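Colleague: So I've got this file, query30.txt, and it contains compact mmCIF, C-alpha atoms:
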# COMPACT_ATOMS: atom_id res chain seq x y z
CA MET A 465 16.19 -12.87 -39.92
CA THR A 466 14.25 -12.83 -36.65
CA ASP A 467 11.50 -15.26 -35.74
CA ALA A 468 10.81 -14.54 -32.08
CA THR A 469 11.83 -12.43 -29.11
CA PRO A 470 12.84 -14.02 -25.78
CA SER A 471 10.47 -13.31 -22.91
CA LEU A 472 11.49 -10.68 -20.37
CA GLY A 473 13.43 -12.19 -17.47
CA ALA A 474 14.19 -15.52 -19.18
CA MET A 475 17.69 -16.99 -19.15
CA THR A 476 19.14 -16.37 -22.60
CA VAL A 477 21.61 -18.42 -24.62
CA ALA A 478 23.28 -17.76 -27.97
CA VAL A 479 24.23 -20.78 -30.08
CA ILE A 480 27.29 -19.99 -32.21
CA GLY A 481 29.16 -22.11 -34.75
CA THR A 482 26.47 -24.06 -36.62
CA ARG A 483 24.89 -23.47 -40.01
CA GLY A 484 21.67 -22.32 -38.39
CA TYR A 485 18.31 -23.52 -37.16
CA PRO A 486 16.82 -25.75 -38.33
CA SER A 487 19.65 -27.09 -40.46
CA TYR A 488 20.35 -30.67 -41.52
CA TYR A 489 24.01 -30.45 -42.45
CA GLY A 490 25.84 -32.36 -39.73
CA GLY A 491 26.13 -33.39 -36.12
CA PHE A 492 26.17 -29.92 -34.59
CA GLU A 493 23.04 -28.98 -36.52
CA THR A 494 21.31 -32.21 -35.50
CA ALA A 495 22.10 -31.47 -31.86
CA VAL A 496 20.83 -27.89 -32.05
CA ARG A 497 17.55 -29.05 -33.61
CA ARG A 498 16.94 -30.96 -30.37
CA ILE A 499 18.66 -28.81 -27.73
CA ALA A 500 17.15 -25.45 -28.76
CA PRO A 501 13.46 -26.48 -28.47
CA HIS A 502 14.21 -28.25 -25.18
CA LEU A 503 15.70 -25.08 -23.72
CA VAL A 504 12.73 -23.01 -24.91
CA ASP A 505 10.38 -25.53 -23.26
CA GLU A 506 12.34 -25.00 -20.03
CA GLY A 507 11.89 -21.23 -20.21
CA TRP A 508 15.07 -20.12 -21.95
CA GLY A 509 15.33 -17.47 -24.64
CA VAL A 510 17.32 -19.09 -27.45
CA THR A 511 19.13 -17.41 -30.35
CA VAL A 512 20.80 -19.56 -33.02
CA TYR A 513 23.23 -17.96 -35.46
CA GLY A 514 23.47 -19.33 -38.98
CA ARG A 515 24.55 -18.83 -42.57
CA PRO A 516 22.58 -17.63 -45.61
CA GLY A 517 20.75 -20.33 -47.56
CA THR A 518 21.21 -23.14 -45.05
CA THR A 519 17.70 -23.03 -43.56
CA ARG A 520 14.20 -22.71 -44.99
CA ASP A 521 11.74 -20.27 -43.49
CA ASP A 522 8.85 -22.56 -44.47
CA ASP A 523 10.35 -25.62 -42.74
CA ALA A 524 7.47 -27.34 -40.97
CA LEU A 525 9.80 -28.41 -38.15
CA ARG A 526 10.93 -24.86 -37.34
CA ASP A 527 10.07 -23.83 -33.78
CA ARG A 528 9.00 -20.19 -34.07
CA ARG A 529 9.91 -19.53 -30.44
CA ILE A 530 13.61 -19.76 -31.38
CA LEU A 531 15.36 -16.60 -32.58
CA SER A 532 17.19 -17.23 -35.85
CA VAL A 533 19.90 -14.75 -36.90
CA THR A 534 21.75 -14.97 -40.22
CA THR A 535 25.20 -13.38 -40.29
CA TRP A 536 27.91 -12.76 -42.88
CA GLY A 537 30.98 -14.80 -43.75
CA VAL A 538 33.30 -16.11 -46.46
CA GLU A 539 32.07 -19.25 -48.22
CA SER A 540 35.19 -21.39 -48.48
CA GLN A 541 36.32 -24.64 -46.92
CA SER A 542 39.07 -22.93 -44.92
CA LEU A 543 37.48 -19.59 -43.96
CA SER A 544 33.75 -20.21 -43.53
CA THR A 545 33.85 -21.41 -39.91
CA LEU A 546 36.19 -18.61 -38.81
CA SER A 547 34.36 -15.81 -40.60
CA TYR A 548 30.83 -16.83 -39.66
CA GLY A 549 31.99 -17.44 -36.11
CA LEU A 550 33.41 -13.92 -35.88
CA SER A 551 30.27 -12.25 -37.24
CA SER A 552 28.09 -14.27 -34.85
CA VAL A 553 30.26 -13.40 -31.87
CA LEU A 554 30.18 -9.69 -32.76
CA HIS A 555 26.38 -9.80 -32.86
CA ALA A 556 26.25 -11.67 -29.52
CA VAL A 557 28.58 -9.09 -27.97
CA ARG A 558 25.98 -6.43 -28.80
CA THR A 559 22.97 -8.40 -27.52
CA LYS A 560 24.75 -9.91 -24.46
CA PRO A 561 23.02 -13.23 -23.72
CA ASP A 562 23.45 -14.81 -20.29
CA VAL A 563 25.60 -17.59 -21.75
CA ALA A 564 26.87 -18.76 -25.14
CA LEU A 565 26.95 -22.32 -26.46
CA VAL A 566 29.81 -22.40 -28.96
CA MET A 567 30.41 -25.25 -31.39
CA ASN A 568 33.89 -26.01 -32.76
CA VAL A 569 37.32 -24.95 -31.45
CA ALA A 570 37.90 -22.84 -34.58
CA ASN A 571 35.74 -20.29 -32.79
CA GLY A 572 38.15 -20.30 -29.86
CA PHE A 573 39.91 -17.28 -31.37
CA TRP A 574 36.82 -15.17 -30.71
CA LEU A 575 36.16 -16.30 -27.11
CA PRO A 576 38.10 -13.35 -25.60
CA LEU A 577 35.53 -10.99 -27.15
CA LEU A 578 32.74 -12.81 -25.33
CA LYS A 579 34.75 -12.92 -22.11
CA LEU A 580 35.43 -9.17 -22.25
CA ARG A 581 31.68 -8.63 -22.59
CA GLY A 582 31.06 -10.81 -19.53
CA ILE A 583 29.41 -13.65 -21.47
CA PRO A 584 30.35 -17.12 -20.11
CA THR A 585 30.91 -19.79 -22.75
CA LEU A 586 30.29 -23.52 -23.02
CA VAL A 587 32.29 -24.90 -25.96
CA ASN A 588 31.68 -28.24 -27.67
CA VAL A 589 35.21 -29.04 -28.85
CA ASP A 590 34.08 -31.63 -31.44
CA GLY A 591 36.81 -34.08 -32.48
CA ILE A 592 40.56 -33.70 -32.83
CA GLU A 593 40.23 -31.45 -35.90
CA TRP A 594 43.96 -30.86 -36.33
CA GLU A 595 44.40 -34.59 -37.06
CA ARG A 596 41.81 -34.76 -39.84
CA ALA A 597 43.30 -35.69 -43.21
CA LYS A 598 40.93 -33.39 -45.11
CA TRP A 599 42.73 -30.30 -43.76
CA GLY A 600 45.97 -28.90 -45.13
CA ARG A 601 48.90 -27.86 -42.95
CA LEU A 602 47.65 -24.29 -42.45
CA ALA A 603 44.13 -25.40 -41.48
CA LYS A 604 45.50 -28.00 -39.06
CA THR A 605 47.69 -25.33 -37.46
CA MET A 606 44.73 -22.99 -37.13
CA PHE A 607 42.61 -25.68 -35.46
CA ARG A 608 45.43 -26.47 -33.05
CA TRP A 609 45.77 -22.79 -32.15
CA GLY A 610 41.99 -22.54 -31.88
CA ALA A 611 42.02 -25.46 -29.45
CA ARG A 612 44.67 -23.74 -27.34
CA ALA A 613 42.62 -20.54 -27.33
CA THR A 614 39.54 -22.55 -26.36
CA ALA A 615 41.43 -24.20 -23.49
CA ARG A 616 42.57 -20.75 -22.34
CA TRP A 617 39.35 -18.75 -22.68
CA ALA A 618 36.31 -21.06 -22.52
CA THR A 619 34.38 -21.09 -19.26
CA GLY A 620 33.41 -24.74 -19.74
CA LEU A 621 34.02 -27.51 -22.27
CA VAL A 622 31.86 -30.30 -23.67
CA PHE A 623 33.40 -33.56 -24.89
CA ASP A 624 31.14 -35.89 -26.87
CA ALA A 625 33.30 -38.92 -26.01
CA GLN A 626 35.30 -39.97 -22.98
CA ALA A 627 38.33 -40.51 -25.22
CA ILE A 628 38.15 -36.89 -26.42
CA GLY A 629 38.02 -35.72 -22.81
CA SER A 630 41.14 -37.74 -22.03
CA ARG A 631 43.00 -36.13 -24.95
CA TRP A 632 42.08 -32.63 -23.78
CA LEU A 633 43.15 -33.38 -20.23
CA ASP A 634 46.50 -34.72 -21.47
CA ASP A 635 47.13 -32.05 -24.12
CA PHE A 636 45.66 -28.93 -22.51
CA GLY A 637 45.05 -29.72 -18.85
CA ARG A 638 41.31 -29.02 -19.15
CA ASP A 639 38.45 -31.17 -17.92
CA GLY A 640 34.82 -30.71 -18.85
CA PHE A 641 31.36 -32.20 -19.33
CA PHE A 642 30.88 -35.51 -21.15
CA ILE A 643 27.76 -35.15 -23.29
CA PRO A 644 27.38 -37.44 -26.33
CA TYR A 645 24.78 -37.30 -29.08
CA GLY A 646 21.35 -38.88 -29.04
CA GLY A 647 19.37 -40.97 -31.46
CA ASP A 648 15.74 -40.89 -32.58
CA ALA A 649 13.73 -44.09 -32.28
CA ALA A 650 11.14 -44.84 -34.95
CA GLY A 651 8.27 -47.19 -35.65
CA ASN A 652 8.20 -49.45 -38.67
CA LEU A 653 9.23 -47.33 -41.65
CA PRO A 654 8.64 -48.24 -45.30
CA VAL A 655 11.54 -49.79 -47.19
CA GLU A 656 13.15 -47.62 -49.85
CA PRO A 657 11.64 -48.55 -53.26
CA GLY A 658 13.73 -51.15 -55.06
CA LEU A 659 15.39 -52.40 -51.87
CA THR A 660 14.54 -55.17 -49.41
CA HIS A 661 14.73 -55.44 -45.63
CA ARG A 662 18.23 -56.52 -44.59
CA GLY A 663 19.10 -56.90 -48.26
CA TYR A 664 21.55 -54.04 -48.83
CA VAL A 665 24.78 -52.52 -47.60
CA LEU A 666 24.62 -48.89 -46.44
CA VAL A 667 27.20 -46.17 -45.83
CA VAL A 668 26.33 -42.65 -44.63
CA ALA A 669 29.23 -40.22 -44.45
CA ARG A 670 30.73 -36.97 -45.61
CA PHE A 671 33.26 -37.67 -48.34
CA VAL A 672 36.50 -36.93 -46.50
CA PRO A 673 39.53 -39.24 -46.21
CA GLU A 674 39.17 -39.98 -42.49
CA ASN A 675 35.71 -41.49 -43.10
CA THR A 676 37.25 -44.37 -45.08
CA ILE A 677 35.09 -43.64 -48.13
CA LEU A 678 37.68 -44.50 -50.80
CA GLU A 679 38.40 -47.83 -49.10
CA PHE A 680 34.66 -48.52 -48.91
CA VAL A 681 34.29 -47.71 -52.62
CA ASP A 682 36.99 -50.28 -53.39
CA ALA A 683 35.20 -52.81 -51.18
CA ALA A 684 31.87 -52.01 -52.83
CA VAL A 685 33.19 -53.18 -56.20
CA SER A 686 33.21 -56.76 -54.94
CA LEU A 687 30.25 -56.41 -52.56
CA SER A 688 27.99 -55.19 -55.38
CA LYS A 689 28.44 -58.49 -57.20
CA THR A 690 26.15 -60.13 -54.64
CA HIS A 691 24.54 -57.29 -52.63
CA ASP A 692 22.85 -53.98 -53.27
CA VAL A 693 25.00 -51.07 -52.05
CA VAL A 694 23.58 -47.68 -51.05
CA ILE A 695 25.89 -44.68 -50.58
CA VAL A 696 24.60 -41.54 -48.82
CA GLY A 697 26.75 -38.42 -48.63
CA SER A 698 28.89 -35.98 -50.56
CA SER A 699 31.91 -33.76 -50.08
CA GLY A 700 29.99 -30.53 -50.60
CA TYR A 701 32.83 -29.34 -52.83
CA GLY A 702 33.07 -32.00 -55.56
CA GLY A 703 36.47 -33.59 -56.05
CA GLU A 704 38.08 -36.98 -56.42
CA VAL A 705 35.94 -38.94 -53.97
CA GLU A 706 32.66 -37.80 -55.53
CA GLU A 707 34.02 -38.66 -58.97
CA ARG A 708 34.93 -42.16 -57.77
CA VAL A 709 31.52 -42.70 -56.18
CA GLN A 710 29.69 -41.39 -59.23
CA GLY A 711 31.76 -43.62 -61.48
CA LEU A 712 30.99 -46.67 -59.35
CA ALA A 713 27.26 -45.93 -59.33
CA GLU A 714 27.24 -45.52 -63.12
CA SER A 715 29.22 -48.69 -63.78
CA GLU A 716 27.68 -51.05 -61.22
CA GLU A 717 23.94 -51.70 -61.52
CA ARG A 718 23.54 -52.64 -57.85
CA VAL A 719 25.20 -49.47 -56.50
CA ARG A 720 23.07 -46.39 -55.69
CA TRP A 721 24.50 -43.00 -54.81
CA LEU A 722 21.81 -40.83 -53.20
CA GLY A 723 23.99 -37.80 -52.42
CA HIS A 724 23.19 -35.79 -49.29
CA VAL A 725 19.82 -36.85 -47.83
CA SER A 726 18.19 -34.17 -45.65
CA ASP A 727 14.87 -36.02 -45.28
CA ASP A 728 15.16 -37.62 -41.84
CA ALA A 729 12.36 -40.12 -42.47
CA ARG A 730 14.05 -41.42 -45.61
CA LEU A 731 17.46 -41.61 -43.96
CA HIS A 732 16.03 -43.36 -40.91
CA SER A 733 14.33 -45.90 -43.16
CA LEU A 734 17.63 -46.64 -44.88
CA TRP A 735 19.29 -47.33 -41.52
CA GLN A 736 16.37 -49.34 -40.15
CA HIS A 737 16.24 -51.78 -43.05
CA ALA A 738 19.97 -52.05 -43.89
CA GLY A 739 21.55 -55.48 -43.83
CA ALA A 740 24.85 -53.93 -42.78
CA TYR A 741 25.69 -50.31 -42.08
CA PHE A 742 29.38 -49.48 -42.51
CA HIS A 743 30.70 -46.74 -40.25
CA GLY A 744 34.18 -45.69 -41.32
CA HIS A 745 34.68 -42.53 -39.27
CA SER A 746 38.14 -42.57 -37.68
CA VAL A 747 38.77 -39.11 -36.17
CA GLY A 748 36.29 -37.62 -33.75
CA GLY A 749 34.32 -38.66 -30.75
CA THR A 750 30.76 -39.92 -30.57
CA ASN A 751 29.49 -39.70 -34.13
CA PRO A 752 25.83 -38.68 -34.58
CA ALA A 753 25.33 -40.98 -37.56
CA LEU A 754 26.57 -43.97 -35.58
CA VAL A 755 24.29 -43.19 -32.64
CA GLN A 756 21.32 -42.76 -34.98
CA ALA A 757 22.07 -46.06 -36.70
CA MET A 758 22.06 -47.74 -33.27
CA ALA A 759 18.72 -46.15 -32.35
CA LEU A 760 17.20 -47.63 -35.50
CA GLY A 761 18.59 -51.11 -35.03
CA ALA A 762 21.03 -51.25 -37.92
CA PRO A 763 23.53 -54.14 -37.91
CA ILE A 764 26.80 -52.19 -37.73
CA VAL A 765 30.25 -52.91 -39.15
CA ALA A 766 32.65 -50.19 -37.99
CA ARG A 767 36.22 -49.19 -38.54
CA ASP A 768 38.18 -50.25 -35.48
CA THR A 769 38.92 -47.06 -33.51
CA VAL A 770 38.88 -46.15 -29.84
CA TYR A 771 35.89 -43.87 -30.47
CA ASN A 772 33.77 -46.45 -32.29
CA ARG A 773 34.52 -49.07 -29.65
CA GLU A 774 33.54 -46.64 -26.89
CA VAL A 775 30.16 -46.01 -28.52
CA LEU A 776 29.33 -49.50 -29.75
CA GLY A 777 30.70 -51.77 -27.03
CA ASP A 778 29.58 -55.25 -28.11
CA ALA A 779 26.94 -53.85 -30.51
CA GLY A 780 29.09 -53.91 -33.63
CA GLU A 781 31.62 -55.78 -35.72
CA PHE A 782 35.02 -54.09 -36.15
CA VAL A 783 37.26 -54.17 -39.22
CA SER A 784 40.61 -52.77 -40.34
CA PRO A 785 40.57 -49.76 -42.70
CA ASP A 786 41.44 -51.60 -45.90
CA ALA A 787 39.13 -52.68 -48.71
CA ASP A 788 39.61 -56.43 -48.20
CA SER A 789 38.83 -56.29 -44.47
CA ILE A 790 35.82 -54.05 -45.05
CA ALA A 791 34.41 -56.28 -47.78
CA ARG A 792 34.99 -59.44 -45.77
CA GLY A 793 33.45 -58.05 -42.57
CA ILE A 794 30.38 -56.70 -44.33
CA ASP A 795 29.85 -59.88 -46.36
CA GLN A 796 29.97 -62.01 -43.20
CA VAL A 797 27.15 -59.95 -41.72
CA MET A 798 25.15 -59.78 -44.94
CA THR A 799 25.16 -63.57 -45.34
CA ASP A 800 24.24 -64.41 -41.74
CA SER A 801 20.70 -63.40 -40.73
CA ARG A 802 21.24 -64.52 -37.13
CA ARG A 803 24.25 -62.25 -36.81
CA GLN A 804 22.22 -59.39 -38.31
CA ASP A 805 19.45 -59.89 -35.77
CA ALA A 806 21.89 -60.11 -32.85
CA LEU A 807 23.76 -56.95 -33.86
CA ALA A 808 20.49 -55.07 -34.39
CA ALA A 809 19.19 -56.07 -30.95
CA ARG A 810 22.43 -55.08 -29.20
CA ALA A 811 22.51 -51.72 -30.99
CA LEU A 812 18.95 -50.91 -29.97
CA LYS A 813 19.58 -51.88 -26.35
CA ARG A 814 22.79 -49.86 -26.05
CA GLY A 815 21.30 -46.83 -27.79
CA ARG A 816 18.31 -46.75 -25.43
CA ALA A 817 20.54 -47.10 -22.38
CA GLU A 818 23.31 -44.62 -23.23
CA TYR A 819 22.39 -42.33 -26.13
CA THR A 820 19.00 -40.62 -25.91
CA TRP A 821 18.19 -37.02 -26.83
CA GLU A 822 16.25 -36.57 -23.61
CA GLY A 823 19.37 -37.23 -21.59
CA VAL A 824 21.57 -35.16 -23.91
CA CYS A 825 19.28 -32.11 -23.74
CA ARG A 826 19.08 -32.26 -19.95
CA ALA A 827 22.87 -32.51 -19.75
CA TYR A 828 23.37 -29.47 -21.97
CA GLU A 829 20.97 -27.39 -19.89
CA SER A 830 22.74 -28.41 -16.68
CA ALA A 831 26.13 -27.56 -18.18
CA LEU A 832 24.92 -24.15 -19.40
CA LEU A 833 23.54 -23.36 -15.96
CA ALA A 834 26.78 -24.51 -14.34
CA VAL A 835 29.06 -22.28 -16.43
CA GLN A 836 26.70 -19.32 -16.06
CA SER A 837 26.54 -19.80 -12.31
CA ALA A 838 30.32 -20.19 -12.05
CA SER A 839 30.82 -16.97 -13.99
CA THR A 840 28.36 -15.12 -11.77
CA ARG A 841 30.14 -16.32 -8.60
CA ARG A 842 33.50 -15.12 -9.92
CA LYS A 843 32.06 -11.62 -10.45
CA LEU A 844 30.81 -11.37 -6.85
What would the structure in this file look like if it were written as structure tokens?
Modeller:
Amino acid sequence: MTDATPSLGAMTVAVIGTRGYPSYYGGFETAVRRIAPHLVDEGWGVTVYGRPGTTRDDDALRDRRILSVTTWGVESQSLSTLSYGLSSVLHAVRTKPDVALVMNVANGFWLPLLKLRGIPTLVNVDGIEWERAKWGRLAKTMFRWGARATARWATGLVFDAQAIGSRWLDDFGRDGFFIPYGGDAAGNLPVEPGLTHRGYVLVVARFVPENTILEFVDAAVSLSKTHDVVIVGSSGYGGEVEERVQGLAESEERVRWLGHVSDDARLHSLWQHAGAYFHGHSVGGTNPALVQAMALGAPIVARDTVYNREVLGDAGEFVSPDADSIARGIDQVMTDSRRQDALAARALKRGRAEYTWEGVCRAYESALLAVQSASTRRKL
């Protein structure tokens, strides 16, 4: 599916490894929705590769200047990233952009194809995928090998957290660019019907073990006795966690499960008016949901990890990953309006200072130019 053709003489970039443009699935897709239009505004020709059925041609937010290419792949939890990455790389090899922005180390296996074609690559390595509990032994091994291939073949690397960069330097001897995610500010948004400002607990997460969802569900049993609880997210594949969340929502009147919410305005409203937003992500770097919650002034209670502390600084409360600690930490924020206001103010201040899309987009463009320039110099 083609929407536009890059202008003659423009720098060209292929974006590989996301579900497409514009897509609302996760952090990579959120980043591409901001980076791609920025690059076009700066004169780039941008092609974004994606999967069937993950974008809508009638999306009002689609920028028609961006080339959108749908490729083939295997729809399964273990093979989708690898297969869609391969088909995207094969297409890029034929079209030969000036540089490729590649998301996810699983695509590291295909970097030699781009290198052989003379296409420099900037790879966002994401988190430490081989330590995620949602993956089995084979998948973890493949991610580890993909990371090694990425370290060997990528022209440049992007780390979304300083702690991720430190791991890559220690494990693979590779340095790179630190570029986090950004957040969108918003004016006063309407409160979700049936809820009140600062009157509910919110969690927004994919239903995987490392996001502490099961522990939050256990905590929500007691929290829902005195507070409304709103759960946003799903696994995408069904399973035990979704069954537990559905059961809780059906048995507890004050618990709402909204599933995956792709409407940004609605999701932003939920963050803006939450009394406490619980962020349970434990593996990964700078999490887009956490940055967005900060940009909207949500009082944040986070699982205590090196990544969450790096992002939040003093703008959050930290708890251990067990149901009792989560419930206690959230309840302390929910019952103290002064603490809510202080956390909200700190989150807004830190988000505006450190995590803006304007700064992120500029950093990506600079990094793309740097790897393209370095590749050109090596050829001379």
Colleague: Any idea what's packed within 10 Å of stretch 601-617 of chain A, counting only C-alpha atoms, ignoring anything in its chain fewer than 3 positions away? Could you give it as a PyMOL selection string?
Modeller: chain A and resi 541-543+546+568-579+584-589+592-598+620-621+632-633+635-639
Colleague: To one decimal place, how far is atom CA of A:Gly697 from atom CA of A:Asp778 in Å?
Modeller: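 Distance between the two atoms: 26.7 Å.
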Colleague: Calculated over only C-alpha atoms, which of the candidates A:Val667, A:Ala791, A:Val622, A:Ala834 has the smallest distance to A:Leu754?
Modeller: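 Comparing A:Val667, A:Ala791, A:Val622, A:Ala834 against A:Leu754, the winner is A:Val667.
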Colleague: Would you mind reading off the distance between atom CA of A:Arg810 and atom CA of A:Ala757, one decimal, in Å?
Modeller: 11.7 Å
Colleague: Enter the distance from atom CA of A:Val557 to atom CA of A:Gly537, in Å, rounded to one decimal.
Modeller: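 Rounded to one decimal, the two atoms are 17.0 Å apart.
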